[in-house]
Amino acid sequence: MCGNEEAMAEKAKQEFLECDHEQLKSKFKLNSDSDNLYIHFLTETYAISKTTGDVVKRSTGEAAEHDVMMAIFDMLLNSKASPVLPELSGTWATLSTLGGIIGASHAARLHTNDIIAPFVDKVPEFTRVCEQLEGIKQTKGDVSYILPLFDFFPVWVQFYDADDEFPATLQFYYDSNAKNFVFFETLFYCTSYMQKLFADML
């Protein structure tokens, strides 16, 4: 698995290095300098080297986690043939819906009791996390926020705590045009990453 991750990372880096970086900067409205492009993903701004393709946290210089790096590259490269950013539809869809029949079975793995357990009876703490991530509060759910996964690509996080009749549920909604931006697999791994991040931040 490790070797496969390294091969995937190297392939993505090479593809990035062959891109028109000025076009990427303009298309995604990124900051840049002579050495790097900068992109914000959830809690961090990441620097992407124009000469090596390495992705590091701007604040510390620490290498990006594999899932974060691949999400960034997928976002930048998936629609590279177009100089214009895909459009958001303004309608929301679950990960299961976006994944189709096969994807739905994968998405179900993100809704097990073990994954949701850290959030049960933690509504104030989860609310604080979403506020810290500059989420926009929504009315549906015990905790319900639209968060900037990327500055231009939102995710709607919706949590209902357990009660006497129903178990707790944690759902992630993406724009129905999300797969014009990234592959379904990237949405899956981003969702898994957010679940772990939120649990750690509680």
# chains A, B, ... in the order shown; residues from 1 in each chain; ligands from 1
$ residues_around --residues "Ser32 in chain A" --least-positions-apart "4" --cutoff "10 Å" --atoms "only C-alpha atoms" --output "compact mmCIF listing (two decimals) with N, CA, C and O atoms, in the first residue's frame"
# COMPACT_ATOMS: atom_id res chain seq x y z
N HIS A 21 1.07 26.85 -14.59
CA HIS A 21 0.81 27.29 -13.24
C HIS A 21 0.10 28.64 -13.18
O HIS A 21 -0.69 28.89 -12.27
N GLU A 22 0.36 29.48 -14.15
CA GLU A 22 -0.33 30.76 -14.19
C GLU A 22 -1.82 30.56 -14.47
O GLU A 22 -2.67 31.27 -13.93
N LYS A 25 -3.38 29.35 -11.28
CA LYS A 25 -3.51 30.48 -10.35
C LYS A 25 -4.75 31.30 -10.68
O LYS A 25 -5.53 31.66 -9.79
N ASN A 36 6.02 28.99 -5.25
CA ASN A 36 4.88 28.15 -4.90
C ASN A 36 3.55 28.72 -5.34
O ASN A 36 3.39 29.93 -5.50
N LEU A 37 2.57 27.80 -5.50
CA LEU A 37 1.16 28.16 -5.49
C LEU A 37 0.64 27.85 -4.09
O LEU A 37 1.12 26.92 -3.43
N TYR A 38 -0.36 28.60 -3.62
CA TYR A 38 -0.90 28.39 -2.28
C TYR A 38 -2.40 28.11 -2.38
O TYR A 38 -3.13 28.82 -3.08
N ILE A 39 -2.82 27.07 -1.67
CA ILE A 39 -4.23 26.70 -1.70
C ILE A 39 -4.67 26.35 -0.28
O ILE A 39 -3.92 25.73 0.49
N ALA A 47 1.43 25.03 0.56
CA ALA A 47 2.30 25.53 -0.50
C ALA A 47 2.63 24.37 -1.43
O ALA A 47 3.05 23.30 -0.97
N ILE A 48 2.46 24.60 -2.73
CA ILE A 48 2.77 23.58 -3.74
C ILE A 48 3.96 24.10 -4.55
O ILE A 48 3.85 25.11 -5.24
N SER A 49 5.07 23.40 -4.45
CA SER A 49 6.29 23.85 -5.13
C SER A 49 6.14 23.75 -6.65
O SER A 49 5.75 22.71 -7.17
N LYS A 50 6.47 24.82 -7.33
CA LYS A 50 6.41 24.83 -8.80
C LYS A 50 7.54 24.05 -9.43
O LYS A 50 7.49 23.73 -10.62
$ closest_atom_pairs --of "range 122-148 of chain A" --to "range 174-188 of chain A" --cutoff "12 Å" --atoms "only C-alpha atoms" --output "Markdown table"
| residue | atom | partner | partner_atom | distance |
| --- | --- | --- | --- | --- |
| A:Ile146 | CA | A:Tyr174 | CA | 9.7 |
| A:Leu147 | CA | A:Tyr174 | CA | 10.4 |
| A:Pro148 | CA | A:Tyr174 | CA | 10.9 |
$ write_last_selection --atoms "C-alpha atoms" --output "compact mmCIF listing (two decimals), in the first residue's frame"
# COMPACT_ATOMS: atom_id res chain seq x y z
CA ILE A 146 -21.55 24.57 5.36
CA LEU A 147 -17.75 24.44 5.49
CA PRO A 148 -15.15 25.51 2.90
$ closest_atom_pairs --of "range 76-125 of chain A" --to "range 51-70 of chain A" --cutoff "12 Å" --atoms "only C-alpha atoms" --output "Markdown table"
| residue | atom | partner | partner_atom | distance |
| --- | --- | --- | --- | --- |
| A:Leu76 | CA | A:Met70 | CA | 9.8 |
| A:Leu77 | CA | A:Met70 | CA | 10.2 |
| A:Asn78 | CA | A:Met70 | CA | 11.1 |
$ residues_around --residues "range 105-118 of chain A" --least-positions-apart "3" --cutoff "9 Å" --atoms "only C-alpha atoms" --output "ChimeraX atom specification"
/A:95-96,99-102,121-122,167-171,188,191-192,195-196,199,202
$ select_by_dssp --residues "chain A" --states "strand (DSSP E or B)" --output "ChimeraX atom specification"
/A:31-32,36-41,44-49,55-57,63,92-94,136-137,143-150,153-160,169-175
$ select_by_dssp --residues "range 72-154 of chain A" --states "alpha helix (DSSP H)" --output "count of residues only"
34
$ residues_around --residues "Val157 in chain A" --least-positions-apart "6" --cutoff "12 Å" --atoms "only C-alpha atoms" --output "PyMOL selection string"
chain A and resi 92-95+126-127+129-131+133+135-149+169-174+191+194-195+198
$ closest_residue --among "A:Pro124, A:Pro83, A:Gly90, A:Gly103" --to "Asp161 in chain A" --atoms "only C-alpha atoms"
A:Pro124
$ closest_residue --among "A:Gln158, A:Ala81, A:Phe73, A:Asp164" --to "Leu17 in chain A" --atoms "only C-alpha atoms"
A:Phe73
$ atom_distance --atom1 "CA of Gln132 in chain A" --atom2 "CA of Phe150 in chain A"
15.1 Å
$ atom_distance --atom1 "CA of Ala9 in chain A" --atom2 "CA of Tyr46 in chain A"
15.6 Å
$ residues_around --residues "Asp151 in chain A" --least-positions-apart "4" --cutoff "10 Å" --atoms "only C-alpha atoms" --output "JSON, numbers by chain"
{"A": [28, 29, 30, 39, 40, 41, 42, 147]}
$ write_last_selection --atoms "C-alpha atoms" --output "PDB file, in the first residue's frame"
ATOM      1  CA  PHE A  28      -8.684  28.806  -8.874  1.00  0.00           C
ATOM      2  CA  LYS A  29      -7.884  32.360  -7.717  1.00  0.00           C
ATOM      3  CA  LEU A  30      -4.785  31.182  -5.838  1.00  0.00           C
ATOM      4  CA  ILE A  39      -4.233  26.701  -1.699  1.00  0.00           C
ATOM      5  CA  HIS A  40      -6.407  26.506   1.414  1.00  0.00           C
ATOM      6  CA  PHE A  41      -7.832  23.146   2.487  1.00  0.00           C
ATOM      7  CA  LEU A  42      -9.954  23.105   5.647  1.00  0.00           C
ATOM      8  CA  LEU A 147     -17.751  24.443   5.494  1.00  0.00           C
TER       9      LEU A 147
END
$ closest_residue --among "A:Lys27, A:Thr97, A:Thr43, A:Ala104" --to "Lys80 in chain A" --atoms "only C-alpha atoms"
A:Lys27
$ closest_residue --among "A:Val84, A:Ala71, A:Leu24, A:Ala12" --to "Tyr189 in chain A" --atoms "only C-alpha atoms"
A:Ala71
$ decode --residues "range 96-124 of chain A" --atoms "N, CA and C atoms" --output "PDB file, in the first residue's frame"
ATOM      1  N   SER A  96     -23.399   8.871  -1.042  1.00  0.00           N
ATOM      2  CA  SER A  96     -23.997   7.658  -1.606  1.00  0.00           C
ATOM      3  C   SER A  96     -24.608   7.932  -2.972  1.00  0.00           C
ATOM      4  N   THR A  97     -25.317   9.046  -3.089  1.00  0.00           N
ATOM      5  CA  THR A  97     -25.945   9.390  -4.369  1.00  0.00           C
ATOM      6  C   THR A  97     -24.894   9.661  -5.438  1.00  0.00           C
ATOM      7  N   LEU A  98     -23.855  10.394  -5.079  1.00  0.00           N
ATOM      8  CA  LEU A  98     -22.811  10.737  -6.043  1.00  0.00           C
ATOM      9  C   LEU A  98     -22.027   9.517  -6.506  1.00  0.00           C
ATOM     10  N   GLY A  99     -21.957   8.497  -5.653  1.00  0.00           N
ATOM     11  CA  GLY A  99     -21.155   7.325  -5.980  1.00  0.00           C
ATOM     12  C   GLY A  99     -21.851   6.271  -6.791  1.00  0.00           C
ATOM     13  N   GLY A 100     -23.171   6.403  -6.992  1.00  0.00           N
ATOM     14  CA  GLY A 100     -23.896   5.374  -7.711  1.00  0.00           C
ATOM     15  C   GLY A 100     -23.997   4.097  -6.878  1.00  0.00           C
ATOM     16  N   ILE A 101     -24.313   2.993  -7.525  1.00  0.00           N
ATOM     17  CA  ILE A 101     -24.541   1.728  -6.815  1.00  0.00           C
ATOM     18  C   ILE A 101     -23.273   1.262  -6.095  1.00  0.00           C
ATOM     19  N   ILE A 102     -22.147   1.254  -6.807  1.00  0.00           N
ATOM     20  CA  ILE A 102     -20.898   0.790  -6.196  1.00  0.00           C
ATOM     21  C   ILE A 102     -20.440   1.778  -5.128  1.00  0.00           C
ATOM     22  N   GLY A 103     -20.518   3.065  -5.449  1.00  0.00           N
ATOM     23  CA  GLY A 103     -20.082   4.079  -4.499  1.00  0.00           C
ATOM     24  C   GLY A 103     -20.899   4.083  -3.225  1.00  0.00           C
ATOM     25  N   ALA A 104     -22.183   3.753  -3.330  1.00  0.00           N
ATOM     26  CA  ALA A 104     -23.045   3.754  -2.156  1.00  0.00           C
ATOM     27  C   ALA A 104     -22.581   2.737  -1.126  1.00  0.00           C
ATOM     28  N   SER A 105     -22.108   1.588  -1.604  1.00  0.00           N
ATOM     29  CA  SER A 105     -21.629   0.565  -0.661  1.00  0.00           C
ATOM     30  C   SER A 105     -20.364   1.030   0.039  1.00  0.00           C
ATOM     31  N   HIS A 106     -19.513   1.766  -0.687  1.00  0.00           N
ATOM     32  CA  HIS A 106     -18.303   2.319  -0.062  1.00  0.00           C
ATOM     33  C   HIS A 106     -18.686   3.405   0.956  1.00  0.00           C
ATOM     34  N   ALA A 107     -19.625   4.257   0.578  1.00  0.00           N
ATOM     35  CA  ALA A 107     -20.025   5.354   1.452  1.00  0.00           C
ATOM     36  C   ALA A 107     -20.616   4.842   2.757  1.00  0.00           C
ATOM     37  N   ALA A 108     -21.272   3.688   2.698  1.00  0.00           N
ATOM     38  CA  ALA A 108     -21.878   3.124   3.909  1.00  0.00           C
ATOM     39  C   ALA A 108     -20.833   2.846   4.983  1.00  0.00           C
ATOM     40  N   ARG A 109     -19.587   2.607   4.562  1.00  0.00           N
ATOM     41  CA  ARG A 109     -18.510   2.343   5.519  1.00  0.00           C
ATOM     42  C   ARG A 109     -18.193   3.555   6.377  1.00  0.00           C
ATOM     43  N   LEU A 110     -18.644   4.735   5.964  1.00  0.00           N
ATOM     44  CA  LEU A 110     -18.354   5.961   6.708  1.00  0.00           C
ATOM     45  C   LEU A 110     -19.460   6.306   7.707  1.00  0.00           C
ATOM     46  N   HIS A 111     -20.430   5.412   7.851  1.00  0.00           N
ATOM     47  CA  HIS A 111     -21.562   5.710   8.731  1.00  0.00           C
ATOM     48  C   HIS A 111     -21.766   4.628   9.784  1.00  0.00           C
ATOM     49  N   THR A 112     -20.705   3.968  10.154  1.00  0.00           N
ATOM     50  CA  THR A 112     -20.804   2.924  11.173  1.00  0.00           C
ATOM     51  C   THR A 112     -20.882   3.553  12.570  1.00  0.00           C
ATOM     52  N   ASN A 113     -21.346   2.770  13.524  1.00  0.00           N
ATOM     53  CA  ASN A 113     -21.457   3.261  14.902  1.00  0.00           C
ATOM     54  C   ASN A 113     -20.105   3.682  15.463  1.00  0.00           C
ATOM     55  N   ASP A 114     -19.049   2.953  15.109  1.00  0.00           N
ATOM     56  CA  ASP A 114     -17.712   3.277  15.620  1.00  0.00           C
ATOM     57  C   ASP A 114     -17.261   4.661  15.170  1.00  0.00           C
ATOM     58  N   ILE A 115     -17.593   5.016  13.936  1.00  0.00           N
ATOM     59  CA  ILE A 115     -17.186   6.315  13.395  1.00  0.00           C
ATOM     60  C   ILE A 115     -18.008   7.441  14.017  1.00  0.00           C
ATOM     61  N   ILE A 116     -19.280   7.211  14.234  1.00  0.00           N
ATOM     62  CA  ILE A 116     -20.170   8.256  14.738  1.00  0.00           C
ATOM     63  C   ILE A 116     -20.080   8.410  16.257  1.00  0.00           C
ATOM     64  N   ALA A 117     -19.648   7.358  16.957  1.00  0.00           N
ATOM     65  CA  ALA A 117     -19.628   7.353  18.430  1.00  0.00           C
ATOM     66  C   ALA A 117     -18.933   8.564  19.057  1.00  0.00           C
ATOM     67  N   PRO A 118     -17.779   9.044  18.516  1.00  0.00           N
ATOM     68  CA  PRO A 118     -17.104  10.186  19.168  1.00  0.00           C
ATOM     69  C   PRO A 118     -17.928  11.469  19.199  1.00  0.00           C
ATOM     70  N   PHE A 119     -18.981  11.549  18.348  1.00  0.00           N
ATOM     71  CA  PHE A 119     -19.757  12.782  18.248  1.00  0.00           C
ATOM     72  C   PHE A 119     -21.010  12.772  19.121  1.00  0.00           C
ATOM     73  N   VAL A 120     -21.377  11.595  19.620  1.00  0.00           N
ATOM     74  CA  VAL A 120     -22.593  11.455  20.420  1.00  0.00           C
ATOM     75  C   VAL A 120     -22.457  12.252  21.723  1.00  0.00           C
ATOM     76  N   ASP A 121     -23.504  13.021  22.024  1.00  0.00           N
ATOM     77  CA  ASP A 121     -23.531  13.870  23.231  1.00  0.00           C
ATOM     78  C   ASP A 121     -22.439  14.945  23.215  1.00  0.00           C
ATOM     79  N   LYS A 122     -22.015  15.344  22.022  1.00  0.00           N
ATOM     80  CA  LYS A 122     -20.957  16.360  21.918  1.00  0.00           C
ATOM     81  C   LYS A 122     -21.408  17.526  21.023  1.00  0.00           C
ATOM     82  N   VAL A 123     -22.681  17.853  21.072  1.00  0.00           N
ATOM     83  CA  VAL A 123     -23.190  18.925  20.196  1.00  0.00           C
ATOM     84  C   VAL A 123     -22.465  20.253  20.423  1.00  0.00           C
ATOM     85  N   PRO A 124     -22.279  20.723  21.661  1.00  0.00           N
ATOM     86  CA  PRO A 124     -21.558  21.999  21.849  1.00  0.00           C
ATOM     87  C   PRO A 124     -20.128  21.938  21.318  1.00  0.00           C
TER      88      PRO A 124
END
